[in-house]
>>> print(open('final27.tsv').read())   # TSV, C-alpha atoms
chain	number	residue	atom	x	y	z
A	1	MET	CA	-22.40	11.33	28.81
A	2	SER	CA	-22.81	7.54	28.59
A	3	ALA	CA	-21.37	5.48	25.73
A	4	ALA	CA	-24.91	4.73	24.51
A	5	TRP	CA	-25.95	8.39	24.30
A	6	THR	CA	-22.70	9.47	22.67
A	7	THR	CA	-23.23	6.78	20.03
A	8	VAL	CA	-26.89	7.74	19.48
A	9	LEU	CA	-26.09	11.44	19.02
A	10	ALA	CA	-23.01	10.93	16.83
A	11	VAL	CA	-24.65	8.37	14.53
A	12	GLY	CA	-27.85	10.45	14.43
A	13	ALA	CA	-26.04	13.64	13.43
A	14	GLY	CA	-23.87	11.83	10.88
A	15	THR	CA	-26.83	10.07	9.28
A	16	VAL	CA	-28.89	13.27	9.06
A	17	ALA	CA	-25.94	14.83	7.21
A	18	LEU	CA	-25.45	11.83	4.88
A	19	LYS	CA	-29.14	11.78	3.94
A	20	ALA	CA	-29.14	15.54	3.36
A	21	VAL	CA	-26.19	15.56	0.94
A	22	GLY	CA	-28.32	14.80	-2.12
A	23	PRO	CA	-31.53	16.80	-1.54
A	24	VAL	CA	-29.83	19.81	0.11
A	25	VAL	CA	-26.40	20.18	-1.44
A	26	VAL	CA	-25.84	18.20	-4.60
A	27	GLY	CA	-29.34	18.22	-6.12
A	28	GLY	CA	-29.40	16.57	-9.54
A	29	ARG	CA	-25.68	16.09	-10.07
A	30	ARG	CA	-24.24	12.57	-10.20
A	31	LEU	CA	-21.29	11.04	-8.38
A	32	PRO	CA	-18.59	9.32	-10.45
A	33	GLU	CA	-19.60	5.72	-11.25
A	34	ARG	CA	-16.58	4.32	-9.39
A	35	VAL	CA	-17.47	6.15	-6.18
A	36	VAL	CA	-21.07	4.93	-6.32
A	37	SER	CA	-19.83	1.40	-6.94
A	38	LEU	CA	-17.45	1.56	-3.97
A	39	LEU	CA	-20.15	2.94	-1.66
A	40	THR	CA	-22.68	0.25	-2.63
A	41	MET	CA	-20.12	-2.45	-1.78
A	42	LEU	CA	-19.73	-1.15	1.79
A	43	ALA	CA	-23.05	-2.55	3.02
A	44	PRO	CA	-22.51	-6.21	1.97
A	45	ALA	CA	-18.91	-6.18	3.30
A	46	LEU	CA	-19.96	-4.71	6.67
A	47	LEU	CA	-23.05	-6.87	7.11
A	48	ALA	CA	-21.12	-10.08	6.34
A	49	ALA	CA	-18.48	-9.05	8.91
A	50	LEU	CA	-21.25	-8.45	11.46
A	51	VAL	CA	-22.67	-11.93	10.80
A	52	VAL	CA	-19.24	-13.45	11.53
A	53	VAL	CA	-18.61	-11.37	14.66
A	54	GLU	CA	-22.10	-11.99	16.08
A	55	THR	CA	-21.91	-15.73	15.38
A	56	PHE	CA	-18.32	-16.65	16.23
A	57	GLY	CA	-16.89	-13.71	18.17
A	58	SER	CA	-16.38	-13.94	21.93
A	59	GLY	CA	-13.97	-11.25	23.01
A	60	ARG	CA	-10.77	-12.07	21.11
A	61	HIS	CA	-11.71	-15.69	20.53
A	62	LEU	CA	-13.50	-17.47	17.73
A	63	VAL	CA	-15.97	-19.94	19.24
A	64	ALA	CA	-18.71	-22.22	17.94
A	65	ASP	CA	-21.63	-22.18	20.37
A	66	ALA	CA	-25.45	-22.05	20.44
A	67	ARG	CA	-25.45	-18.95	18.22
A	68	LEU	CA	-24.44	-21.18	15.32
A	69	ALA	CA	-27.88	-22.84	15.57
A	70	GLY	CA	-29.43	-19.36	15.42
A	71	LEU	CA	-27.47	-18.58	12.27
A	72	GLY	CA	-28.54	-21.90	10.72
A	73	ALA	CA	-32.20	-21.23	11.48
A	74	GLY	CA	-31.80	-17.71	10.09
A	75	LEU	CA	-30.27	-19.12	6.92
A	76	VAL	CA	-33.24	-21.47	6.45
A	77	ALA	CA	-35.69	-18.62	7.09
A	78	VAL	CA	-33.89	-16.36	4.59
A	79	ALA	CA	-33.86	-19.18	2.00
A	80	LEU	CA	-37.64	-19.54	2.50
A	81	ARG	CA	-37.95	-15.78	1.87
A	82	ALA	CA	-39.40	-15.23	5.35
A	83	PRO	CA	-39.96	-11.60	6.42
A	84	ILE	CA	-37.20	-10.04	8.48
A	85	TRP	CA	-39.00	-10.31	11.83
A	86	ALA	CA	-39.57	-14.04	11.26
A	87	VAL	CA	-35.83	-14.50	10.57
A	88	VAL	CA	-35.06	-12.75	13.88
A	89	ILE	CA	-37.51	-14.90	15.84
A	90	ALA	CA	-36.22	-18.11	14.18
A	91	GLY	CA	-32.64	-17.12	15.08
A	92	ALA	CA	-33.49	-16.36	18.71
A	93	ALA	CA	-35.61	-19.50	19.17
A	94	ALA	CA	-32.97	-21.82	17.68
A	95	THR	CA	-30.21	-20.23	19.77
A	96	ALA	CA	-32.24	-20.54	22.98
A	97	ALA	CA	-33.20	-24.14	22.17
A	98	ALA	CA	-29.61	-25.16	21.36
A	99	ARG	CA	-28.35	-23.56	24.58
A	100	HIS	CA	-31.04	-25.33	26.60
A	101	PHE	CA	-30.73	-28.82	25.12
A	102	LEU	CA	-27.05	-29.18	24.17
B	1	MET	CA	-48.36	11.47	-0.45
B	2	ARG	CA	-51.58	9.58	0.24
B	3	ARG	CA	-50.54	7.11	-2.43
B	4	GLY	CA	-47.27	6.60	-0.57
B	5	VAL	CA	-49.14	5.82	2.67
B	6	ARG	CA	-51.30	3.32	0.77
B	7	VAL	CA	-48.26	1.67	-0.85
B	8	ALA	CA	-46.53	1.44	2.54
B	9	ALA	CA	-49.54	0.12	4.51
B	10	PRO	CA	-48.97	-3.63	3.90
B	11	LEU	CA	-45.38	-3.23	5.14
B	12	VAL	CA	-46.28	-1.41	8.38
B	13	PRO	CA	-46.47	-4.57	10.56
B	14	ALA	CA	-43.04	-5.66	9.32
B	15	ALA	CA	-41.50	-2.24	10.03
B	16	PHE	CA	-43.16	-2.16	13.46
B	17	ILE	CA	-41.91	-5.63	14.42
B	18	PHE	CA	-38.40	-4.93	13.05
B	19	GLY	CA	-38.47	-1.75	15.18
B	20	ALA	CA	-39.58	-3.79	18.19
B	21	SER	CA	-36.74	-6.29	17.57
B	22	PHE	CA	-34.28	-3.41	17.52
B	23	GLY	CA	-35.74	-2.07	20.78
B	24	VAL	CA	-35.30	-5.45	22.49
B	25	LEU	CA	-31.76	-5.90	21.11
B	26	ALA	CA	-30.78	-2.37	22.18
B	27	ARG	CA	-31.86	-3.13	25.75
B	28	ALA	CA	-29.95	-6.43	25.58
B	29	ALA	CA	-26.83	-4.38	24.68
B	30	HIS	CA	-27.45	-2.15	27.74
B	31	MET	CA	-28.81	0.88	25.88
B	32	GLY	CA	-31.53	2.76	27.77
B	33	ALA	CA	-35.09	2.75	26.41
B	34	VAL	CA	-35.17	6.52	25.81
B	35	ALA	CA	-31.82	6.41	23.98
B	36	ALA	CA	-33.10	3.56	21.78
B	37	VAL	CA	-36.22	5.54	20.79
B	38	VAL	CA	-34.23	8.73	20.12
B	39	PHE	CA	-31.83	6.61	18.03
B	40	SER	CA	-34.71	5.35	15.86
B	41	ALA	CA	-36.31	8.80	15.54
B	42	THR	CA	-33.10	10.53	14.43
B	43	THR	CA	-31.04	7.91	12.59
B	44	PHE	CA	-34.00	5.97	11.10
B	45	ALA	CA	-31.82	3.28	9.49
B	46	GLY	CA	-32.21	-0.25	10.80
B	47	SER	CA	-28.96	-1.98	9.88
B	48	ALA	CA	-26.77	0.90	11.13
B	49	GLN	CA	-28.63	1.06	14.44
B	50	VAL	CA	-28.37	-2.70	15.03
B	51	ALA	CA	-24.67	-2.58	14.08
B	52	ALA	CA	-24.02	0.21	16.59
B	53	VAL	CA	-25.71	-1.56	19.51
B	54	SER	CA	-24.07	-4.86	18.59
B	55	VAL	CA	-20.57	-3.29	18.68
B	56	LEU	CA	-21.40	-1.55	21.99
B	57	GLY	CA	-22.79	-4.79	23.43
B	58	ALA	CA	-19.60	-6.64	22.48
B	59	GLY	CA	-17.49	-4.04	24.32
B	60	GLY	CA	-16.18	-2.52	21.09
B	61	GLY	CA	-16.33	1.07	22.28
B	62	VAL	CA	-18.06	4.21	21.02
B	63	ALA	CA	-15.65	5.03	18.18
B	64	ALA	CA	-15.94	1.61	16.51
B	65	ALA	CA	-19.73	1.62	16.97
B	66	VAL	CA	-20.10	5.07	15.38
B	67	VAL	CA	-17.72	4.35	12.49
B	68	ALA	CA	-19.38	1.00	11.66
B	69	ALA	CA	-22.87	2.55	11.73
B	70	LEU	CA	-21.94	5.58	9.63
B	71	LEU	CA	-20.10	3.45	7.06
B	72	LEU	CA	-23.30	1.41	6.66
B	73	ASN	CA	-25.18	4.67	6.07
B	74	THR	CA	-22.77	6.13	3.51
B	75	ARG	CA	-25.02	4.55	0.86
B	76	TYR	CA	-27.53	7.31	1.62
B	77	ALA	CA	-25.21	9.84	-0.02
B	78	PRO	CA	-25.53	8.32	-3.55
B	79	ILE	CA	-29.17	7.33	-2.92
B	80	GLY	CA	-29.99	10.91	-1.88
B	81	ILE	CA	-28.07	12.33	-4.82
B	82	SER	CA	-29.98	10.09	-7.24
B	83	VAL	CA	-33.26	11.78	-6.25
B	84	GLY	CA	-31.90	15.13	-5.07
B	85	GLU	CA	-33.15	17.07	-8.08
B	86	SER	CA	-36.83	16.54	-7.20
B	87	PHE	CA	-36.54	18.16	-3.76
B	88	ARG	CA	-37.56	21.83	-3.89
B	89	GLY	CA	-38.10	24.71	-1.49
B	90	HIS	CA	-36.35	26.08	1.58
B	91	VAL	CA	-33.16	24.39	2.81
B	92	LEU	CA	-34.76	23.37	6.12
B	93	ARG	CA	-37.71	21.84	4.31
B	94	ARG	CA	-35.38	19.82	2.04
B	95	LEU	CA	-33.27	18.80	5.06
B	96	LEU	CA	-36.33	17.41	6.88
B	97	GLN	CA	-37.79	15.71	3.81
B	98	ALA	CA	-34.41	14.13	3.07
B	99	GLN	CA	-34.62	12.25	6.39
B	100	LEU	CA	-37.51	10.20	5.00
B	101	VAL	CA	-35.20	8.66	2.39
B	102	VAL	CA	-34.66	5.03	3.42
B	103	ASP	CA	-34.04	1.96	1.25
B	104	GLU	CA	-37.74	1.03	1.20
B	105	SER	CA	-39.17	4.48	0.50
B	106	TRP	CA	-36.60	5.09	-2.24
B	107	ALA	CA	-37.36	1.75	-3.92
B	108	LEU	CA	-41.17	1.99	-3.65
B	109	ALA	CA	-41.15	5.54	-5.04
B	110	GLY	CA	-39.25	4.37	-8.12
B	111	GLY	CA	-35.84	5.75	-7.10
B	112	GLY	CA	-33.23	5.48	-9.82
B	113	THR	CA	-35.91	5.40	-12.54
B	114	SER	CA	-37.61	8.14	-14.56
B	115	ARG	CA	-40.91	7.41	-12.78
B	116	PHE	CA	-39.57	8.63	-9.41
B	117	ASP	CA	-42.29	10.37	-7.38
B	118	ARG	CA	-41.12	12.45	-4.41
B	119	ARG	CA	-44.59	12.55	-2.82
B	120	VAL	CA	-44.75	8.73	-2.77
B	121	LEU	CA	-41.31	8.71	-1.13
B	122	LEU	CA	-42.51	11.12	1.56
B	123	GLY	CA	-45.70	9.09	2.20
B	124	VAL	CA	-43.84	5.78	2.46
B	125	GLY	CA	-40.98	7.32	4.48
B	126	GLY	CA	-43.32	9.04	6.95
B	127	THR	CA	-45.38	5.88	7.45
B	128	PHE	CA	-42.24	3.79	8.00
B	129	TRP	CA	-40.81	6.36	10.40
B	130	LEU	CA	-43.93	6.18	12.59
B	131	ALA	CA	-43.99	2.36	12.57
B	132	TRP	CA	-40.23	2.07	13.18
B	133	THR	CA	-40.15	4.56	16.07
B	134	ALA	CA	-43.32	3.23	17.72
B	135	GLY	CA	-42.05	-0.35	17.33
B	136	THR	CA	-38.75	0.60	18.96
B	137	ALA	CA	-40.60	2.13	21.93
B	138	VAL	CA	-42.68	-1.03	22.44
B	139	GLY	CA	-39.63	-3.30	22.05
B	140	ALA	CA	-37.46	-1.22	24.38
B	141	VAL	CA	-40.11	-1.33	27.12
B	142	ALA	CA	-40.70	-5.07	26.61
B	143	GLY	CA	-36.91	-5.61	26.53
B	144	SER	CA	-36.59	-4.10	30.00
B	145	ALA	CA	-38.90	-6.83	31.28
B	146	ILE	CA	-36.75	-9.61	29.81
B	147	GLY	CA	-34.17	-10.73	32.34
B	148	SER	CA	-31.14	-12.34	30.69
B	149	PRO	CA	-31.02	-11.74	26.92
B	150	SER	CA	-29.00	-14.87	26.24
B	151	SER	CA	-31.60	-17.18	27.78
B	152	PHE	CA	-34.01	-15.98	25.08
B	153	GLY	CA	-31.38	-16.51	22.39
B	154	LEU	CA	-31.19	-12.80	21.62
B	155	ASP	CA	-27.44	-13.05	21.02
B	156	GLY	CA	-28.16	-15.48	18.18
B	157	ALA	CA	-30.91	-13.21	16.88
B	158	PHE	CA	-28.32	-10.53	16.00
B	159	ALA	CA	-26.52	-12.93	13.66
B	160	ALA	CA	-29.80	-13.97	12.00
B	161	LEU	CA	-30.87	-10.34	11.58
B	162	PHE	CA	-27.59	-9.32	9.94
B	163	LEU	CA	-27.88	-12.36	7.67
B	164	ALA	CA	-31.34	-11.22	6.53
B	165	LEU	CA	-30.10	-7.68	5.91
B	166	LEU	CA	-27.10	-9.08	4.02
B	167	ALA	CA	-29.27	-11.30	1.81
B	168	ALA	CA	-31.14	-8.21	0.63
B	169	GLN	CA	-27.82	-6.67	-0.49
B	170	LEU	CA	-26.53	-9.62	-2.56
B	171	ARG	CA	-27.49	-8.59	-6.08
B	172	ASP	CA	-24.60	-9.79	-8.24
B	173	ARG	CA	-21.14	-11.37	-8.17
B	174	ARG	CA	-19.45	-8.22	-6.95
B	175	THR	CA	-21.72	-7.81	-3.92
B	176	VAL	CA	-21.17	-11.51	-3.09
B	177	ALA	CA	-17.39	-11.00	-3.43
B	178	ALA	CA	-17.54	-7.99	-1.09
B	179	ALA	CA	-19.53	-10.03	1.44
B	180	VAL	CA	-17.17	-13.01	1.34
B	181	GLY	CA	-14.18	-10.69	1.65
B	182	GLY	CA	-15.74	-8.80	4.56
B	183	ALA	CA	-16.52	-12.04	6.41
B	184	ALA	CA	-12.97	-13.36	5.86
B	185	ILE	CA	-11.32	-10.14	7.07
B	186	ALA	CA	-13.48	-10.09	10.22
B	187	ALA	CA	-12.81	-13.76	11.02
B	188	ALA	CA	-9.06	-13.33	10.49
B	189	LEU	CA	-8.83	-10.24	12.74
B	190	ILE	CA	-11.04	-11.24	15.71
B	191	PRO	CA	-8.20	-13.00	17.62
B	192	PHE	CA	-5.75	-10.13	17.15
B	193	VAL	CA	-7.48	-6.76	17.53
B	194	PRO	CA	-9.98	-5.20	19.99
B	195	ALA	CA	-13.73	-5.76	19.47
B	196	GLY	CA	-15.25	-3.47	16.85
B	197	LEU	CA	-12.12	-3.13	14.72
B	198	PRO	CA	-12.67	-6.32	12.67
B	199	ILE	CA	-15.97	-4.85	11.45
B	200	VAL	CA	-14.44	-1.53	10.47
B	201	ALA	CA	-11.49	-3.26	8.77
B	202	ALA	CA	-13.89	-5.46	6.78
B	203	THR	CA	-14.88	-2.42	4.71
B	204	ALA	CA	-11.60	-2.91	2.82
B	205	ALA	CA	-13.49	-5.68	0.99
B	206	ALA	CA	-15.63	-2.95	-0.63
B	207	LEU	CA	-12.62	-2.17	-2.82
B	208	VAL	CA	-13.87	-4.87	-5.24
B	209	GLY	CA	-16.31	-2.14	-6.24
B	210	TRP	CA	-13.46	0.21	-7.03
B	211	ARG	CA	-11.29	-2.23	-8.91
B	212	ARG	CA	-13.89	-3.59	-11.31
B	213	ALA	CA	-16.07	-0.55	-11.90
>>> encode(input="final27.tsv", output="C-alpha cells")
Amino acid sequence: MSAAWTTVLAVGAGTVALKAVGPVVVGGRRLPERVVSLLTMLAPALLAALVVVETFGSGRHLVADARLAGLGAGLVAVALRAPIWAVVIAGAAATAAARHFL
Amino acid sequence: MRRGVRVAAPLVPAAFIFGASFGVLARAAHMGAVAAVVFSATTFAGSAQVAAVSVLGAGGGVAAAVVAALLLNTRYAPIGISVGESFRGHVLRRLLQAQLVVDESWALAGGGTSRFDRRVLLGVGGTFWLAWTAGTAVGAVAGSAIGSPSSFGLDGAFAALFLALLAAQLRDRRTVAAAVGGAAIAAALIPFVPAGLPIVAATAAALVGWRRA
C-alpha cells in the first residue's frame, strides 16, 4: 500500500474513533479541566510549527525564499479578516509572484 | 436539522473552496485524487488533512504524518464529550452522527452552552461534509491538470493556510504562548532531525495548558 493510502486510512480510522469517544462512550461525563486545557493547546502549538516548517523548512535547512512573501500576504489577509480561501489564494499568488520577479 | 442546513448555507461556498484548496494541495504533495476524496469523506477535518499531506510532501514519512494529523484531531475528544449526552439511540447511529461533529457545526449548534441543539449540529455537519467532500473532488481533479505546484506558489499557500487556521485558535495568552513555543521548537529542530519530527515535537509547547490550568 502506498504512503498516501496508509496515511489516509490510519488518520481516517483514528479520527472516527476520536470523534466517537464523546457520543458513543463517555456521554455526558466531563474530562478533568487540566486534560481539556492540555488538549486545547495542542492545535495552536502544532499549527504554529506547521507555519514555520512550511515557510522556512527545506529538508534539514532553514531558508528564506519566495514562500516568505506568501506568508506575508497571508498575514495581511488574516489581519483583514479575509475568509480562509482568500488567505490561501493570497499566499499562493504572492509566492508565485515573488518567485517570478525576484 | 433543516435549521442547521439553513444556518450552514452561507458558509457552503467557503467550505467548498477550502475543500478544493485541500484537493489541489493534496495533488501537489503527490496524493492520488481518489485518496484525497476518501480522506475528506472519512477524516472530515481540514487542518489535520492539510497537515498530513504537508508532512508527506516534505518527505516526512507516514508515521510523522499520521501522528501530526491525529494530534491535531485530539481536540475532538473533549469537544465530543461536551455534547455526548445529547446523542441517543443505537451505538452505530451515535457513531455515524458523531462524525458530523466539526469545529463549525459544534460552534453553530451552541456547543458548550445550555442551548446546544443536536439537530442543528447534524444539519450543519451534513451540509459541510457534502461541500467539503465535493470541493475536494473538484480540487483534486483540477490539481491533476496543474503542472508544477511551485510555479503556482502552492508551496507558499500551505504556510498561509496554516496561518489562517492558527489565527482562529488564538483566543487568549495561553494559546498564544503555546503557538510561540510550538514555532520555536520547530525552528530549533529543523536542522537536526528528519522532516516531520519537528512538528510532532512542537506539541511539547501544549504543556503550558497543563502547567497553568
>>> closest_residue(input="final27.tsv", among="B:Phe87, B:Phe116, B:Phe16, B:Trp132", to="chain A", atoms="all atoms listed in the file")
B:Phe87
>>> atom_distance(input="final27.tsv", atom1="atom CA of B:Ala28", atom2="atom CA of B:Gly143")
7.1 Å
>>> closest_residue(input="final27.tsv", among="B:Leu56, B:Val67, B:Ala26, B:Ala131", to="B:Ala41", atoms="all atoms listed in the file")
B:Ala131
>>> closest_residue(input="final27.tsv", among="A:Ala92, A:Leu80, A:Ala13, A:Ala69", to="chain B", atoms="all atoms listed in the file")
A:Ala92
>>> closest_residue(input="final27.tsv", among="A:Ala96, A:Val11, A:Ala20, A:Leu47", to="B:Pro78", atoms="all atoms listed in the file")
A:Ala20
>>> atom_distance(input="final27.tsv", atom1="atom CA of A:Leu68", atom2="atom CA of B:Leu154")
12.5 Å
>>> residues_around(input="final27.tsv", residues="A:Leu18", least_positions_apart="5", cutoff="12 Å", atoms="only C-alpha atoms", output="list in words")
Val11, Gly12, Ala13, Pro23, Val24, Val25 and Val26 of chain A; Thr43, Ala45, Ala69, Leu70, Leu71, Leu72, Asn73, Thr74, Arg75, Tyr76, Ala77, Pro78, Ile79, Gly80, Ile81, Leu95, Ala98, Gln99, Val101 and Val102 of chain B
>>> residues_around(input="final27.tsv", residues="B:Val50", least_positions_apart="5", cutoff="8 Å", atoms="all atoms listed in the file", output="JSON, numbers by chain")
{"B": [22, 25, 26, 158]}
>>> axis_aligned_box(input="final27.tsv", around="stretch 129-134 of chain B", padding_each_side="3 Å", output="JSON")
{"center_x": -42.1, "center_y": 4.2, "center_z": 14.1, "size_x": 9.8, "size_y": 10.3, "size_z": 13.3}
>>> atom_distance(input="final27.tsv", atom1="atom CA of A:Leu46", atom2="atom CA of A:Gly14")
17.5 Å
>>> closest_residue(input="final27.tsv", among="B:Glu104, B:Asp172, B:Asp117, B:Glu85", to="chain A", atoms="only C-alpha atoms")
B:Glu85
>>> residues_around(input="final27.tsv", residues="A:Pro44", least_positions_apart="3", cutoff="12 Å", atoms="only C-alpha atoms", output="PyMOL selection string")
(chain A and resi 38-41+47-51) or (chain B and resi 47+71-73+75+162-183+199+202-209)
>>> write_last_selection(input="final27.tsv", atoms="C-alpha atoms", output="PDB file, keeping the file's coordinate frame")
ATOM      1  CA  LEU A  38     -17.450   1.560  -3.970  1.00  0.00           C
ATOM      2  CA  LEU A  39     -20.150   2.940  -1.660  1.00  0.00           C
ATOM      3  CA  THR A  40     -22.680   0.250  -2.630  1.00  0.00           C
ATOM      4  CA  MET A  41     -20.120  -2.450  -1.780  1.00  0.00           C
ATOM      5  CA  LEU A  47     -23.050  -6.870   7.110  1.00  0.00           C
ATOM      6  CA  ALA A  48     -21.120 -10.080   6.340  1.00  0.00           C
ATOM      7  CA  ALA A  49     -18.480  -9.050   8.910  1.00  0.00           C
ATOM      8  CA  LEU A  50     -21.250  -8.450  11.460  1.00  0.00           C
ATOM      9  CA  VAL A  51     -22.670 -11.930  10.800  1.00  0.00           C
TER      10      VAL A  51
ATOM     11  CA  SER B  47     -28.960  -1.980   9.880  1.00  0.00           C
ATOM     12  CA  LEU B  71     -20.100   3.450   7.060  1.00  0.00           C
ATOM     13  CA  LEU B  72     -23.300   1.410   6.660  1.00  0.00           C
ATOM     14  CA  ASN B  73     -25.180   4.670   6.070  1.00  0.00           C
ATOM     15  CA  ARG B  75     -25.020   4.550   0.860  1.00  0.00           C
ATOM     16  CA  PHE B 162     -27.590  -9.320   9.940  1.00  0.00           C
ATOM     17  CA  LEU B 163     -27.880 -12.360   7.670  1.00  0.00           C
ATOM     18  CA  ALA B 164     -31.340 -11.220   6.530  1.00  0.00           C
ATOM     19  CA  LEU B 165     -30.100  -7.680   5.910  1.00  0.00           C
ATOM     20  CA  LEU B 166     -27.100  -9.080   4.020  1.00  0.00           C
ATOM     21  CA  ALA B 167     -29.270 -11.300   1.810  1.00  0.00           C
ATOM     22  CA  ALA B 168     -31.140  -8.210   0.630  1.00  0.00           C
ATOM     23  CA  GLN B 169     -27.820  -6.670  -0.490  1.00  0.00           C
ATOM     24  CA  LEU B 170     -26.530  -9.620  -2.560  1.00  0.00           C
ATOM     25  CA  ARG B 171     -27.490  -8.590  -6.080  1.00  0.00           C
ATOM     26  CA  ASP B 172     -24.600  -9.790  -8.240  1.00  0.00           C
ATOM     27  CA  ARG B 173     -21.140 -11.370  -8.170  1.00  0.00           C
ATOM     28  CA  ARG B 174     -19.450  -8.220  -6.950  1.00  0.00           C
ATOM     29  CA  THR B 175     -21.720  -7.810  -3.920  1.00  0.00           C
ATOM     30  CA  VAL B 176     -21.170 -11.510  -3.090  1.00  0.00           C
ATOM     31  CA  ALA B 177     -17.390 -11.000  -3.430  1.00  0.00           C
ATOM     32  CA  ALA B 178     -17.540  -7.990  -1.090  1.00  0.00           C
ATOM     33  CA  ALA B 179     -19.530 -10.030   1.440  1.00  0.00           C
ATOM     34  CA  VAL B 180     -17.170 -13.010   1.340  1.00  0.00           C
ATOM     35  CA  GLY B 181     -14.180 -10.690   1.650  1.00  0.00           C
ATOM     36  CA  GLY B 182     -15.740  -8.800   4.560  1.00  0.00           C
ATOM     37  CA  ALA B 183     -16.520 -12.040   6.410  1.00  0.00           C
ATOM     38  CA  ILE B 199     -15.970  -4.850  11.450  1.00  0.00           C
ATOM     39  CA  ALA B 202     -13.890  -5.460   6.780  1.00  0.00           C
ATOM     40  CA  THR B 203     -14.880  -2.420   4.710  1.00  0.00           C
ATOM     41  CA  ALA B 204     -11.600  -2.910   2.820  1.00  0.00           C
ATOM     42  CA  ALA B 205     -13.490  -5.680   0.990  1.00  0.00           C
ATOM     43  CA  ALA B 206     -15.630  -2.950  -0.630  1.00  0.00           C
ATOM     44  CA  LEU B 207     -12.620  -2.170  -2.820  1.00  0.00           C
ATOM     45  CA  VAL B 208     -13.870  -4.870  -5.240  1.00  0.00           C
ATOM     46  CA  GLY B 209     -16.310  -2.140  -6.240  1.00  0.00           C
TER      47      GLY B 209
END
>>> closest_residue(input="final27.tsv", among="B:Ser54, B:Leu122, B:Asp103, B:Val138", to="chain A", atoms="all atoms listed in the file")
B:Ser54
>>> residues_near_point(input="final27.tsv", point="(-27.7, -22.9, 23.1)", cutoff="10 Å", atoms="all atoms listed in the file", output="PyMOL selection string")
(chain A and resi 65-70+92-102) or (chain B and resi 150-153+156)
>>> residues_near_point(input="final27.tsv", point="(-43.0, 3.1, 19.6)", cutoff="12 Å", atoms="all atoms listed in the file", output="ChimeraX atom specification")
/B:15-24,33-34,36-41,128-142
>>> residues_around(input="final27.tsv", residues="A:Val52", least_positions_apart="4", cutoff="8 Å", atoms="only C-alpha atoms", output="list of chain:residue names")
A:Ala48, A:Phe56, A:Gly57, B:Ala159, B:Ala183, B:Ala186, B:Ala187
